[in-house]
file target-v3.pdb (PDB, C-alpha atoms, pLDDT in the B column)
MODEL        1
ATOM      1  CA  MET A   9       0.000   0.000   0.000  1.00 71.00           C
ATOM      2  CA  GLU A  10       1.391   3.374  -1.028  1.00 79.00           C
ATOM      3  CA  LYS A  11       1.969   5.937   1.699  1.00 83.00           C
ATOM      4  CA  LEU A  12       1.674   9.659   1.051  1.00 82.00           C
ATOM      5  CA  LEU A  13       4.918  11.305   2.140  1.00 79.00           C
ATOM      6  CA  TYR A  14       4.445  14.836   0.858  1.00 80.00           C
ATOM      7  CA  GLU A  15       1.675  16.928  -0.639  1.00 83.00           C
ATOM      8  CA  ARG A  16       1.216  20.493  -1.770  1.00 86.00           C
ATOM      9  CA  SER A  17       0.281  22.922   0.986  1.00 90.00           C
ATOM     10  CA  ALA A  18      -3.402  23.833   1.096  1.00 90.00           C
ATOM     11  CA  GLY A  19      -2.150  27.412   1.247  1.00 92.00           C
ATOM     12  CA  LEU A  20      -1.210  27.167  -2.437  1.00 93.00           C
ATOM     13  CA  THR A  21      -3.390  26.731  -5.497  1.00 94.00           C
ATOM     14  CA  ASP A  22      -2.754  24.062  -8.152  1.00 93.00           C
ATOM     15  CA  MET A  23      -1.553  26.694 -10.625  1.00 92.00           C
ATOM     16  CA  GLN A  24       1.898  26.153 -12.137  1.00 92.00           C
ATOM     17  CA  THR A  25       4.119  29.153 -11.409  1.00 92.00           C
ATOM     18  CA  HIS A  26       5.673  31.362 -14.077  1.00 92.00           C
ATOM     19  CA  TYR A  27       9.045  31.654 -12.352  1.00 93.00           C
ATOM     20  CA  CYS A  28      12.264  30.849 -14.207  1.00 93.00           C
ATOM     21  CA  PRO A  29      13.955  27.461 -13.642  1.00 91.00           C
ATOM     22  CA  GLY A  30      16.043  27.588 -10.470  1.00 92.00           C
ATOM     23  CA  CYS A  31      14.337  30.689  -9.096  1.00 94.00           C
ATOM     24  CA  THR A  32      13.663  30.268  -5.383  1.00 96.00           C
ATOM     25  CA  HIS A  33      10.454  32.325  -5.342  1.00 95.00           C
ATOM     26  CA  GLY A  34       8.637  28.990  -5.455  1.00 95.00           C
ATOM     27  CA  VAL A  35      10.374  27.820  -2.280  1.00 96.00           C
ATOM     28  CA  ILE A  36       9.446  31.047  -0.499  1.00 97.00           C
ATOM     29  CA  HIS A  37       5.830  30.750  -1.663  1.00 97.00           C
ATOM     30  CA  LYS A  38       5.760  27.255  -0.201  1.00 97.00           C
ATOM     31  CA  LEU A  39       7.068  28.431   3.185  1.00 98.00           C
ATOM     32  CA  VAL A  40       4.596  31.313   3.406  1.00 98.00           C
ATOM     33  CA  ALA A  41       1.715  29.033   2.434  1.00 97.00           C
ATOM     34  CA  GLU A  42       2.707  26.390   4.972  1.00 97.00           C
ATOM     35  CA  CYS A  43       2.873  28.969   7.744  1.00 98.00           C
ATOM     36  CA  LEU A  44      -0.563  30.330   6.852  1.00 98.00           C
ATOM     37  CA  GLU A  45      -1.978  26.809   6.827  1.00 97.00           C
ATOM     38  CA  GLU A  46      -0.306  25.660  10.042  1.00 97.00           C
ATOM     39  CA  LEU A  47      -1.476  28.785  11.861  1.00 97.00           C
ATOM     40  CA  GLY A  48      -4.995  28.164  10.574  1.00 97.00           C
ATOM     41  CA  ILE A  49      -5.292  31.630   9.032  1.00 97.00           C
ATOM     42  CA  THR A  50      -5.337  30.923   5.281  1.00 96.00           C
ATOM     43  CA  GLY A  51      -9.034  31.741   5.078  1.00 96.00           C
ATOM     44  CA  ASN A  52      -8.565  34.938   7.063  1.00 97.00           C
ATOM     45  CA  ALA A  53      -5.433  36.187   5.296  1.00 98.00           C
ATOM     46  CA  ILE A  54      -5.094  38.956   2.742  1.00 98.00           C
ATOM     47  CA  GLY A  55      -1.861  39.205   0.770  1.00 98.00           C
ATOM     48  CA  ILE A  56      -0.616  42.170  -1.270  1.00 97.00           C
ATOM     49  CA  ALA A  57       1.631  41.656  -4.280  1.00 93.00           C
ATOM     50  CA  PRO A  58       3.064  44.689  -6.117  1.00 90.00           C
ATOM     51  CA  VAL A  59       4.758  44.940  -9.501  1.00 90.00           C
ATOM     52  CA  GLY A  60       7.751  42.633  -9.917  1.00 88.00           C
ATOM     53  CA  CYS A  61       8.419  38.922 -10.308  1.00 90.00           C
ATOM     54  CA  SER A  62       5.705  38.272  -7.708  1.00 88.00           C
ATOM     55  CA  VAL A  63       3.064  40.247  -9.633  1.00 90.00           C
ATOM     56  CA  LEU A  64       1.136  37.037 -10.356  1.00 91.00           C
ATOM     57  CA  ALA A  65       1.257  35.768  -6.772  1.00 92.00           C
ATOM     58  CA  TYR A  66      -2.518  36.134  -6.602  1.00 92.00           C
ATOM     59  CA  LYS A  67      -2.666  33.029  -8.804  1.00 94.00           C
ATOM     60  CA  TYR A  68      -0.571  30.956  -6.406  1.00 95.00           C
ATOM     61  CA  PHE A  69      -1.597  31.774  -2.830  1.00 96.00           C
ATOM     62  CA  ASN A  70      -4.874  30.203  -1.777  1.00 96.00           C
ATOM     63  CA  CYS A  71      -6.047  33.304   0.083  1.00 96.00           C
ATOM     64  CA  ASP A  72      -7.457  36.710  -0.823  1.00 97.00           C
ATOM     65  CA  MET A  73      -4.914  38.809  -2.698  1.00 97.00           C
ATOM     66  CA  PHE A  74      -4.647  42.460  -3.743  1.00 95.00           C
ATOM     67  CA  GLU A  75      -2.451  44.032  -6.413  1.00 95.00           C
ATOM     68  CA  ALA A  76      -0.536  47.222  -5.583  1.00 96.00           C
ATOM     69  CA  ALA A  77       1.357  49.726  -7.689  1.00 95.00           C
ATOM     70  CA  HIS A  78       5.134  49.394  -7.716  1.00 93.00           C
ATOM     71  CA  GLY A  79       6.434  49.947  -4.168  1.00 94.00           C
ATOM     72  CA  ARG A  80       3.030  50.734  -2.667  1.00 96.00           C
ATOM     73  CA  ALA A  81       2.193  47.394  -1.056  1.00 97.00           C
ATOM     74  CA  PRO A  82       2.773  48.691   2.528  1.00 97.00           C
ATOM     75  CA  ALA A  83       0.316  51.547   1.916  1.00 97.00           C
ATOM     76  CA  VAL A  84      -2.313  49.171   0.541  1.00 97.00           C
ATOM     77  CA  ALA A  85      -1.691  46.766   3.419  1.00 98.00           C
ATOM     78  CA  THR A  86      -2.069  49.614   5.904  1.00 98.00           C
ATOM     79  CA  GLY A  87      -5.465  50.545   4.489  1.00 98.00           C
ATOM     80  CA  ILE A  88      -6.665  46.956   4.536  1.00 98.00           C
ATOM     81  CA  LYS A  89      -5.441  46.242   8.070  1.00 98.00           C
ATOM     82  CA  ARG A  90      -6.896  49.444   9.491  1.00 97.00           C
ATOM     83  CA  SER A  91     -10.280  48.821   7.880  1.00 98.00           C
ATOM     84  CA  HIS A  92     -10.223  45.098   8.676  1.00 97.00           C
ATOM     85  CA  PRO A  93      -8.158  44.751  11.882  1.00 97.00           C
ATOM     86  CA  ASP A  94      -9.369  41.170  12.317  1.00 97.00           C
ATOM     87  CA  LYS A  95      -7.655  40.065   9.094  1.00 98.00           C
ATOM     88  CA  PHE A  96      -4.111  38.762   8.797  1.00 98.00           C
ATOM     89  CA  VAL A  97      -2.382  41.039   6.268  1.00 98.00           C
ATOM     90  CA  PHE A  98       0.970  40.429   4.581  1.00 98.00           C
ATOM     91  CA  THR A  99       2.943  41.899   1.691  1.00 98.00           C
ATOM     92  CA  TYR A 100       5.199  39.877  -0.613  1.00 97.00           C
ATOM     93  CA  GLN A 101       7.792  42.172  -2.205  1.00 97.00           C
ATOM     94  CA  GLY A 102      11.029  42.026  -4.146  1.00 95.00           C
ATOM     95  CA  ASP A 103      14.094  44.213  -3.686  1.00 94.00           C
ATOM     96  CA  GLY A 104      13.534  46.224  -6.870  1.00 90.00           C
ATOM     97  CA  ASP A 105      10.134  47.091  -5.422  1.00 94.00           C
ATOM     98  CA  LEU A 106      10.660  47.453  -1.670  1.00 96.00           C
ATOM     99  CA  ALA A 107      14.235  48.772  -1.542  1.00 96.00           C
ATOM    100  CA  SER A 108      13.870  51.262  -4.400  1.00 95.00           C
ATOM    101  CA  ILE A 109      10.602  53.036  -5.220  1.00 94.00           C
ATOM    102  CA  GLY A 110       8.991  51.523  -2.131  1.00 95.00           C
ATOM    103  CA  SER A 111      11.705  52.331   0.411  1.00 96.00           C
ATOM    104  CA  GLY A 112       9.803  55.299   1.820  1.00 96.00           C
ATOM    105  CA  GLU A 113       6.629  53.226   2.088  1.00 96.00           C
ATOM    106  CA  ILE A 114       8.250  50.428   4.094  1.00 98.00           C
ATOM    107  CA  VAL A 115      10.120  52.822   6.414  1.00 98.00           C
ATOM    108  CA  GLN A 116       6.979  54.792   7.236  1.00 97.00           C
ATOM    109  CA  ALA A 117       4.918  51.615   7.774  1.00 98.00           C
ATOM    110  CA  ALA A 118       7.562  50.426  10.225  1.00 98.00           C
ATOM    111  CA  HIS A 119       7.692  53.827  11.959  1.00 97.00           C
ATOM    112  CA  ARG A 120       3.934  53.728  12.444  1.00 97.00           C
ATOM    113  CA  GLY A 121       4.191  50.209  13.789  1.00 97.00           C
ATOM    114  CA  GLU A 122       1.566  48.963  11.344  1.00 98.00           C
ATOM    115  CA  ARG A 123       0.390  45.514  12.334  1.00 98.00           C
ATOM    116  CA  ILE A 124       1.314  43.899   9.050  1.00 98.00           C
ATOM    117  CA  SER A 125       3.907  41.326   7.991  1.00 98.00           C
ATOM    118  CA  THR A 126       6.288  41.698   5.056  1.00 98.00           C
ATOM    119  CA  ILE A 127       8.131  39.019   3.116  1.00 98.00           C
ATOM    120  CA  PHE A 128      11.026  40.809   1.411  1.00 98.00           C
ATOM    121  CA  VAL A 129      12.688  38.777  -1.350  1.00 97.00           C
ATOM    122  CA  ASN A 130      16.214  40.040  -2.041  1.00 97.00           C
ATOM    123  CA  ASN A 131      17.953  38.603  -5.100  1.00 96.00           C
ATOM    124  CA  GLY A 132      20.124  41.644  -5.690  1.00 96.00           C
ATOM    125  CA  ILE A 133      18.667  42.576  -9.063  1.00 95.00           C
ATOM    126  CA  TYR A 134      15.557  43.708 -10.927  1.00 93.00           C
ATOM    127  CA  GLY A 135      14.155  40.387 -12.101  1.00 87.00           C
ATOM    128  CA  MET A 136      10.952  40.941 -14.062  1.00 85.00           C
ATOM    129  CA  THR A 137      12.083  43.984 -16.034  1.00 85.00           C
ATOM    130  CA  GLY A 138      15.296  42.572 -17.471  1.00 88.00           C
ATOM    131  CA  GLY A 139      18.032  42.388 -14.876  1.00 89.00           C
ATOM    132  CA  GLN A 140      18.870  46.014 -14.150  1.00 95.00           C
ATOM    133  CA  MET A 141      20.955  47.076 -11.155  1.00 96.00           C
ATOM    134  CA  ALA A 142      18.908  47.317  -7.955  1.00 96.00           C
ATOM    135  CA  PRO A 143      19.631  49.140  -4.672  1.00 96.00           C
ATOM    136  CA  THR A 144      20.703  45.728  -3.344  1.00 97.00           C
ATOM    137  CA  THR A 145      23.068  44.811  -6.203  1.00 97.00           C
ATOM    138  CA  LEU A 146      26.513  43.995  -4.823  1.00 98.00           C
ATOM    139  CA  VAL A 147      29.590  46.080  -5.593  1.00 98.00           C
ATOM    140  CA  GLY A 148      31.202  44.626  -8.711  1.00 97.00           C
ATOM    141  CA  GLN A 149      28.088  42.657  -9.670  1.00 96.00           C
ATOM    142  CA  LYS A 150      27.296  42.871 -13.377  1.00 96.00           C
ATOM    143  CA  THR A 151      23.756  43.680 -14.475  1.00 95.00           C
ATOM    144  CA  ALA A 152      22.023  44.992 -17.588  1.00 94.00           C
ATOM    145  CA  THR A 153      22.682  48.564 -16.439  1.00 95.00           C
ATOM    146  CA  SER A 154      26.067  47.926 -14.809  1.00 95.00           C
ATOM    147  CA  PRO A 155      27.823  45.771 -17.434  1.00 95.00           C
ATOM    148  CA  TYR A 156      31.204  46.415 -15.838  1.00 96.00           C
ATOM    149  CA  GLY A 157      29.941  45.771 -12.328  1.00 96.00           C
ATOM    150  CA  ARG A 158      28.419  48.082  -9.728  1.00 97.00           C
ATOM    151  CA  ASP A 159      30.793  50.972  -9.086  1.00 97.00           C
ATOM    152  CA  GLU A 160      30.769  52.000  -5.423  1.00 96.00           C
ATOM    153  CA  GLU A 161      32.030  55.514  -6.173  1.00 96.00           C
ATOM    154  CA  TRP A 162      29.255  56.030  -8.722  1.00 96.00           C
ATOM    155  CA  SER A 163      26.351  54.124  -7.144  1.00 96.00           C
ATOM    156  CA  GLY A 164      27.290  53.752  -3.494  1.00 97.00           C
ATOM    157  CA  LYS A 165      27.121  50.528  -1.529  1.00 97.00           C
ATOM    158  CA  PRO A 166      24.084  48.215  -1.555  1.00 97.00           C
ATOM    159  CA  ILE A 167      21.438  49.149   0.992  1.00 97.00           C
ATOM    160  CA  ARG A 168      20.909  46.806   3.942  1.00 98.00           C
ATOM    161  CA  ILE A 169      17.164  47.070   4.472  1.00 98.00           C
ATOM    162  CA  ALA A 170      16.954  44.743   7.490  1.00 98.00           C
ATOM    163  CA  GLU A 171      19.613  46.640   9.437  1.00 98.00           C
ATOM    164  CA  MET A 172      17.944  49.961   8.658  1.00 98.00           C
ATOM    165  CA  LEU A 173      14.468  48.821   9.730  1.00 98.00           C
ATOM    166  CA  ALA A 174      15.843  47.221  12.884  1.00 97.00           C
ATOM    167  CA  THR A 175      16.627  50.712  14.212  1.00 97.00           C
ATOM    168  CA  ILE A 176      12.935  51.670  14.124  1.00 97.00           C
ATOM    169  CA  ASP A 177      10.924  51.232  17.320  1.00 95.00           C
ATOM    170  CA  GLY A 178       7.744  50.306  15.452  1.00 96.00           C
ATOM    171  CA  ALA A 179       9.479  47.346  13.805  1.00 97.00           C
ATOM    172  CA  LYS A 180       9.038  44.540  16.311  1.00 97.00           C
ATOM    173  CA  PHE A 181      10.427  41.649  14.262  1.00 98.00           C
ATOM    174  CA  VAL A 182      13.284  41.872  11.740  1.00 98.00           C
ATOM    175  CA  GLU A 183      15.204  38.862  10.492  1.00 98.00           C
ATOM    176  CA  ARG A 184      17.248  37.943   7.428  1.00 98.00           C
ATOM    177  CA  VAL A 185      17.216  34.381   6.125  1.00 98.00           C
ATOM    178  CA  ALA A 186      18.146  32.514   2.933  1.00 98.00           C
ATOM    179  CA  VAL A 187      16.706  29.604   0.955  1.00 98.00           C
ATOM    180  CA  ASN A 188      19.828  28.213  -0.701  1.00 97.00           C
ATOM    181  CA  THR A 189      20.224  25.066   1.450  1.00 97.00           C
ATOM    182  CA  PRO A 190      17.831  22.696   3.258  1.00 97.00           C
ATOM    183  CA  ALA A 191      19.103  23.953   6.630  1.00 98.00           C
ATOM    184  CA  ASN A 192      18.571  27.583   5.667  1.00 98.00           C
ATOM    185  CA  ILE A 193      15.112  26.794   4.298  1.00 98.00           C
ATOM    186  CA  ARG A 194      14.112  25.332   7.669  1.00 98.00           C
ATOM    187  CA  LYS A 195      15.414  28.435   9.443  1.00 98.00           C
ATOM    188  CA  ALA A 196      13.552  30.638   6.969  1.00 98.00           C
ATOM    189  CA  LYS A 197      10.263  28.923   7.737  1.00 98.00           C
ATOM    190  CA  LYS A 198      10.836  29.336  11.461  1.00 98.00           C
ATOM    191  CA  ALA A 199      11.455  33.069  11.005  1.00 98.00           C
ATOM    192  CA  ILE A 200       8.346  33.529   8.868  1.00 98.00           C
ATOM    193  CA  MET A 201       6.282  31.658  11.446  1.00 98.00           C
ATOM    194  CA  GLU A 202       7.580  33.881  14.270  1.00 98.00           C
ATOM    195  CA  CYS A 203       6.940  37.016  12.244  1.00 98.00           C
ATOM    196  CA  PHE A 204       3.370  35.936  11.473  1.00 98.00           C
ATOM    197  CA  LYS A 205       2.697  35.051  15.113  1.00 97.00           C
ATOM    198  CA  LEU A 206       3.819  38.536  16.150  1.00 96.00           C
ATOM    199  CA  GLN A 207       1.082  40.063  13.998  1.00 97.00           C
ATOM    200  CA  LEU A 208      -1.487  37.683  15.443  1.00 97.00           C
ATOM    201  CA  GLU A 209      -0.436  38.910  18.898  1.00 96.00           C
ATOM    202  CA  GLY A 210      -0.967  42.512  17.764  1.00 94.00           C
ATOM    203  CA  LYS A 211       2.575  43.625  18.581  1.00 93.00           C
ATOM    204  CA  GLY A 212       3.480  45.676  15.500  1.00 92.00           C
ATOM    205  CA  PHE A 213       5.328  45.594  12.193  1.00 98.00           C
ATOM    206  CA  GLY A 214       7.351  42.530  11.174  1.00 98.00           C
ATOM    207  CA  ILE A 215       9.587  41.762   8.212  1.00 98.00           C
ATOM    208  CA  VAL A 216      11.552  38.734   7.025  1.00 98.00           C
ATOM    209  CA  GLU A 217      14.187  39.438   4.389  1.00 98.00           C
ATOM    210  CA  VAL A 218      14.840  36.342   2.279  1.00 98.00           C
ATOM    211  CA  LEU A 219      18.020  36.072   0.205  1.00 98.00           C
ATOM    212  CA  SER A 220      16.991  34.449  -3.053  1.00 97.00           C
ATOM    213  CA  THR A 221      18.525  33.497  -6.396  1.00 97.00           C
ATOM    214  CA  CYS A 222      17.937  34.785  -9.923  1.00 96.00           C
ATOM    215  CA  PRO A 223      19.854  32.414 -12.219  1.00 95.00           C
ATOM    216  CA  THR A 224      18.404  33.952 -15.389  1.00 95.00           C
ATOM    217  CA  ASN A 225      19.512  37.522 -14.729  1.00 95.00           C
ATOM    218  CA  TRP A 226      22.660  36.535 -12.860  1.00 96.00           C
ATOM    219  CA  GLY A 227      23.631  34.521 -15.924  1.00 94.00           C
ATOM    220  CA  VAL A 228      24.579  31.374 -14.013  1.00 95.00           C
ATOM    221  CA  PRO A 229      23.105  27.834 -13.803  1.00 96.00           C
ATOM    222  CA  PRO A 230      20.637  27.211 -10.952  1.00 95.00           C
ATOM    223  CA  VAL A 231      22.973  25.053  -8.846  1.00 96.00           C
ATOM    224  CA  GLU A 232      25.809  27.535  -9.255  1.00 97.00           C
ATOM    225  CA  ALA A 233      23.425  30.339  -8.271  1.00 97.00           C
ATOM    226  CA  LEU A 234      22.864  28.701  -4.884  1.00 97.00           C
ATOM    227  CA  LYS A 235      26.625  28.656  -4.334  1.00 97.00           C
ATOM    228  CA  TRP A 236      26.984  32.233  -5.579  1.00 97.00           C
ATOM    229  CA  LEU A 237      24.418  33.399  -3.038  1.00 97.00           C
ATOM    230  CA  ASP A 238      26.321  31.661  -0.254  1.00 97.00           C
ATOM    231  CA  GLU A 239      29.716  33.010  -1.260  1.00 98.00           C
ATOM    232  CA  ASN A 240      28.738  36.551  -2.267  1.00 97.00           C
ATOM    233  CA  MET A 241      25.411  37.664  -0.818  1.00 98.00           C
ATOM    234  CA  ILE A 242      25.546  36.209   2.694  1.00 98.00           C
ATOM    235  CA  PRO A 243      28.912  37.834   3.560  1.00 98.00           C
ATOM    236  CA  TYR A 244      27.407  41.259   2.789  1.00 98.00           C
ATOM    237  CA  TYR A 245      23.907  40.436   4.001  1.00 98.00           C
ATOM    238  CA  PRO A 246      24.574  38.297   7.116  1.00 98.00           C
ATOM    239  CA  LEU A 247      21.785  35.996   8.243  1.00 98.00           C
ATOM    240  CA  GLY A 248      20.149  36.271  11.634  1.00 98.00           C
ATOM    241  CA  ASN A 249      17.589  38.028  13.788  1.00 97.00           C
ATOM    242  CA  LEU A 250      18.061  41.783  14.236  1.00 97.00           C
ATOM    243  CA  ARG A 251      14.975  42.583  16.289  1.00 95.00           C
ATOM    244  CA  LYS A 252      12.485  40.381  18.075  1.00 90.00           C
ATOM    245  CA  GLY A 253       9.325  41.090  20.044  1.00 74.00           C
ATOM    246  CA  ASP A 254       9.606  44.029  22.439  1.00 63.00           C
ATOM    247  CA  GLU A 255      13.407  44.260  22.297  1.00 56.00           C
ATOM    248  CA  GLU A 256      14.759  47.758  21.843  1.00 50.00           C
TER     249      GLU A 256
ENDMDL
END
call {"tool": "encode", "arguments": {"input": "target-v3.pdb", "output": "structure tokens"}}
result
Amino acid sequence: MEKLLYERSAGLTDMQTHYCPGCTHGVIHKLVAECLEELGITGNAIGIAPVGCSVLAYKYFNCDMFEAAHGRAPAVATGIKRSHPDKFVFTYQGDGDLASIGSGEIVQAAHRGERISTIFVNNGIYGMTGGQMAPTTLVGQKTATSPYGRDEEWSGKPIRIAEMLATIDGAKFVERVAVNTPANIRKAKKAIMECFKLQLEGKGFGIVEVLSTCPTNWGVPPVEALKWLDENMIPYYPLGNLRKGDEE
């Protein structure tokens, strides 16, 4: 008799995703969906997906979803949470969205201590629009708009969003994780679960930054992309919790 060992989370639909081969957005979707399901809040959750690689996330998460203009997901989430305080509200944003045009939005949402949760996917590049340099692109990293590598003198250093938000009193949970190894994936799920629980307890704003791969725009094979993340992104964007609960 066959035994079922693994099945798709009820927090996800049966729709096949549009993500490129080797992209870890699918892994992150799975973790978010599992947390929603295990907390029993899938039917009470509202997600907000802005412009970017995650623009079609409404097809994949098995909960109510809203679309937001580029960078404006925190503002939309704020309106939804304030008008429906009983709902669990989360945003799912990429670095080209959150760290660039949406940087003011996320900072102000954190300052206000909005009771929302943010999943921030950082792959160091603009994915959907063709691989341009993002605020998170590493120094020396080649992109469509920095073919010779990011020049620190010209463009400055990459912005560390998690460290910046961790200085804000209204941000009650800030952690950076990665999804390039099984061990890191387990830690990522734990962080997302803790962040979601904080909202359920009504404590304030929470964000989990997830280091992710973009083999297509990085121009490397999927397996090599996992190694590249480990050797290049993690040293600049160290993993770990920066703020938890009521810690100052």
call {"tool": "closest_atom_pairs", "arguments": {"input": "target-v3.pdb", "of": "stretch 9-59 of chain A", "to": "stretch 84-96 of chain A", "cutoff": "10 Å", "atoms": "all atoms listed in the file", "output": "Markdown table"}}
result
| residue | atom | partner | partner_atom | distance |
| --- | --- | --- | --- | --- |
| A:Leu44 | CA | A:Phe96 | CA | 9.4 |
| A:Ile49 | CA | A:Phe96 | CA | 7.2 |
| A:Thr50 | CA | A:Phe96 | CA | 8.7 |
| A:Gly51 | CA | A:Lys95 | CA | 9.3 |
| A:Asn52 | CA | A:Lys95 | CA | 5.6 |
| A:Ala53 | CA | A:Phe96 | CA | 4.5 |
| A:Ile54 | CA | A:Phe96 | CA | 6.1 |
| A:Gly55 | CA | A:Ala85 | CA | 8.0 |
| A:Ile56 | CA | A:Ala85 | CA | 6.7 |
| A:Ala57 | CA | A:Val84 | CA | 9.8 |
| A:Pro58 | CA | A:Val84 | CA | 9.7 |
call {"tool": "closest_atom_pairs", "arguments": {"input": "target-v3.pdb", "of": "stretch 46-134 of chain A", "to": "stretch 138-149 of chain A", "cutoff": "8 Å", "atoms": "all atoms listed in the file", "output": "tab-separated table"}}
result
residue	atom	partner	partner_atom	distance
A:Asp103	CA	A:Thr144	CA	6.8
A:Gly104	CA	A:Ala142	CA	5.6
A:Ala107	CA	A:Pro143	CA	6.2
A:Ser108	CA	A:Pro143	CA	6.1
A:Asn130	CA	A:Thr144	CA	7.4
A:Asn131	CA	A:Thr144	CA	7.8
A:Gly132	CA	A:Thr145	CA	4.4
A:Ile133	CA	A:Ala142	CA	4.9
A:Tyr134	CA	A:Gly139	CA	4.8
call {"tool": "resolve_selection", "arguments": {"input": "target-v3.pdb", "expression": "the PyMOL selection byres ((chain A and resi 40) around 9)", "output": "list of chain:residue names"}}
result
A:Gly19, A:Val35, A:Ile36, A:His37, A:Lys38, A:Leu39, A:Ala41, A:Glu42, A:Cys43, A:Leu44, A:Glu45, A:Phe69, A:Ile127, A:Lys197, A:Ile200, A:Met201
call {"tool": "write_last_selection", "arguments": {"input": "target-v3.pdb", "atoms": "C-alpha atoms", "output": "CSV table (one decimal), in the frame of the given file"}}
result
chain,number,residue,atom,x,y,z
A,19,GLY,CA,-2.2,27.4,1.2
A,35,VAL,CA,10.4,27.8,-2.3
A,36,ILE,CA,9.4,31.0,-0.5
A,37,HIS,CA,5.8,30.8,-1.7
A,38,LYS,CA,5.8,27.3,-0.2
A,39,LEU,CA,7.1,28.4,3.2
A,41,ALA,CA,1.7,29.0,2.4
A,42,GLU,CA,2.7,26.4,5.0
A,43,CYS,CA,2.9,29.0,7.7
A,44,LEU,CA,-0.6,30.3,6.9
A,45,GLU,CA,-2.0,26.8,6.8
A,69,PHE,CA,-1.6,31.8,-2.8
A,127,ILE,CA,8.1,39.0,3.1
A,197,LYS,CA,10.3,28.9,7.7
A,200,ILE,CA,8.3,33.5,8.9
A,201,MET,CA,6.3,31.7,11.4
call {"tool": "closest_residue", "arguments": {"input": "target-v3.pdb", "among": "A:His33, A:Arg184, A:His119, A:Lys235", "to": "A:Ile169", "atoms": "all atoms listed in the file"}}
result
A:Arg184
call {"tool": "atom_distance", "arguments": {"input": "target-v3.pdb", "atom1": "atom CA of A:Lys180", "atom2": "atom CA of A:Ala83"}}
result
18.2 Å
call {"tool": "atom_distance", "arguments": {"input": "target-v3.pdb", "atom1": "atom CA of A:Cys31", "atom2": "atom CA of A:Pro230"}}
result
7.4 Å
call {"tool": "atom_distance", "arguments": {"input": "target-v3.pdb", "atom1": "atom CA of A:Phe98", "atom2": "atom CA of A:Pro190"}}
result
24.5 Å
call {"tool": "closest_residue", "arguments": {"input": "target-v3.pdb", "among": "A:Tyr68, A:Tyr100, A:Trp236, A:Trp162", "to": "A:Ile215", "atoms": "all atoms listed in the file"}}
result
A:Tyr100
call {"tool": "closest_residue", "arguments": {"input": "target-v3.pdb", "among": "A:Ala77, A:Ile124, A:Ile114, A:Leu106", "to": "A:Gly210", "atoms": "only C-alpha atoms"}}
result
A:Ile124
call {"tool": "resolve_selection", "arguments": {"input": "target-v3.pdb", "expression": "the PyMOL selection byres ((chain A and resi 211) around 10)", "output": "list of chain:residue names"}}
result
A:Gly121, A:Glu122, A:Arg123, A:Ile124, A:Gly178, A:Ala179, A:Lys180, A:Phe181, A:Lys205, A:Leu206, A:Gln207, A:Leu208, A:Glu209, A:Gly210, A:Gly212, A:Phe213, A:Gly214, A:Gly253, A:Asp254
call {"tool": "closest_residue", "arguments": {"input": "target-v3.pdb", "among": "A:Met9, A:Ala199, A:Ile167, A:Val63", "to": "A:Thr137", "atoms": "all atoms listed in the file"}}
result
A:Val63
call {"tool": "resolve_selection", "arguments": {"input": "target-v3.pdb", "expression": "the PyMOL selection byres ((chain A and resi 175) around 12)", "output": "MDAnalysis selection string"}}
result
chainID A and resid 115 118:119 168:174 176:182 250:252 255:256
call {"tool": "axis_aligned_box", "arguments": {"input": "target-v3.pdb", "around": "stretch 48-60 of chain A", "padding_each_side": "4 Å", "output": "JSON"}}
result
{"center_x": -0.6, "center_y": 36.6, "center_z": 0.3, "size_x": 24.8, "size_y": 24.8, "size_z": 28.5}
call {"tool": "residues_around", "arguments": {"input": "target-v3.pdb", "residues": "A:Ile109", "least_positions_apart": "6", "cutoff": "9 Å", "atoms": "only C-alpha atoms", "output": "list in words"}}
result
His78, Gly79 and Arg80 of chain A
call {"tool": "write_last_selection", "arguments": {"input": "target-v3.pdb", "atoms": "C-alpha atoms", "output": "mmCIF file, keeping the file's coordinate frame"}}
result
data_model
loop_
_atom_site.group_PDB
_atom_site.id
_atom_site.type_symbol
_atom_site.label_atom_id
_atom_site.label_comp_id
_atom_site.auth_asym_id
_atom_site.auth_seq_id
_atom_site.Cartn_x
_atom_site.Cartn_y
_atom_site.Cartn_z
ATOM 1 C CA HIS A 78 5.134 49.394 -7.716
ATOM 2 C CA GLY A 79 6.434 49.947 -4.168
ATOM 3 C CA ARG A 80 3.030 50.734 -2.667
#
call {"tool": "build_atoms", "arguments": {"input": "target-v3.pdb", "residues": "stretch 247-253 of chain A", "atoms": "N, CA and C atoms", "output": "PDB file, in the coordinates of the input"}}
result
ATOM      1  N   LEU A 247      23.047  36.561   7.791  1.00 98.00           N
ATOM      2  CA  LEU A 247      21.785  35.996   8.243  1.00 98.00           C
ATOM      3  C   LEU A 247      21.634  36.162   9.755  1.00 98.00           C
ATOM      4  N   GLY A 248      20.392  36.228  10.199  1.00 98.00           N
ATOM      5  CA  GLY A 248      20.149  36.271  11.634  1.00 98.00           C
ATOM      6  C   GLY A 248      19.039  37.232  12.003  1.00 98.00           C
ATOM      7  N   ASN A 249      18.639  37.159  13.275  1.00 97.00           N
ATOM      8  CA  ASN A 249      17.589  38.028  13.788  1.00 97.00           C
ATOM      9  C   ASN A 249      18.189  39.355  14.261  1.00 97.00           C
ATOM     10  N   LEU A 250      17.579  40.455  13.851  1.00 97.00           N
ATOM     11  CA  LEU A 250      18.061  41.783  14.236  1.00 97.00           C
ATOM     12  C   LEU A 250      17.140  42.455  15.245  1.00 97.00           C
ATOM     13  N   ARG A 251      15.907  41.999  15.330  1.00 95.00           N
ATOM     14  CA  ARG A 251      14.975  42.583  16.289  1.00 95.00           C
ATOM     15  C   ARG A 251      13.834  41.583  16.504  1.00 95.00           C
ATOM     16  N   LYS A 252      13.483  41.398  17.761  1.00 90.00           N
ATOM     17  CA  LYS A 252      12.485  40.381  18.075  1.00 90.00           C
ATOM     18  C   LYS A 252      11.594  40.828  19.213  1.00 90.00           C
ATOM     19  N   GLY A 253      10.290  40.763  18.997  1.00 74.00           N
ATOM     20  CA  GLY A 253       9.325  41.090  20.044  1.00 74.00           C
ATOM     21  C   GLY A 253       9.446  42.507  20.526  1.00 74.00           C
TER      22      GLY A 253
END
